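Here the structure comes first, spelled out in structure tokens, and everything after it is commentary.
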Amino acid sequence: MAKKCAICKKGSRVFGQRKKLRGKYNPTTKRRKYPNLQWVRIPLNINLKKYKRFAGQRILACTKCIKRISKS
């Protein structure tokens with residue numbers, strides 16, 4: 001199972017964290033952040049062109065895409 005949104009292909013990102021210690025920045029370890037993916041069933045009668053190919057399927061989608069689906 002990929003940690004990627006099936007619709008917008010949003011995936012993980014690596015961030016470098018910096019902590020300030022006694023006036024200087026101390027570069028610490030890099031952290032990987034993942035998108036908020038949820039299982040969602042796309043309705044058959046979806047009007048949005050971007051989502052038509054997923055109609056009737058159960059897919060992993062990021063919360064931003066789920067919000068767009070609910071608005072249509």
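In the structure tokens, chains take the letters A, B, ... in the order shown, each chain's residues start at 1, and ligands count up from 1 in the order shown.
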
Compile the contact shell of Ser70 of chain A as a PyMOL selection string: residues with an atom at most 10 Å away, counting only C-alpha atoms, same-chain residues fewer than 4 positions apart removed. chain A and resi 42+46+65-66

Write down as an MDAnalysis selection string the residues of chain A whose backbone DSSP state falls under alpha helix (DSSP H). chainID A and resid 63:71

Which value, in Å to one decimal, gives the distance between atom CA of Leu48 of chain A and atom CA of Ser72 of chain A?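 So the answer is 7.2 Å.
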
Need to verify the contact set: Gly56 of chain A, 10 Å, only C-alpha atoms, exclusion of same-chain residues closer than 4 positions in sequence. Can you return it as a list of chain:residue names? A:Arg41, A:Ile42, A:Pro43, A:Leu44, A:Asn45, A:Ile46, A:Lys52

Please list as a PyMOL selection string every residue within 12 Å of Ala6 of chain A, counting only C-alpha atoms and excluding residues in the same chain fewer than 5 positions away. chain A and resi 1+11+35+37-40+42+50-51+53-54+57-63+65-66
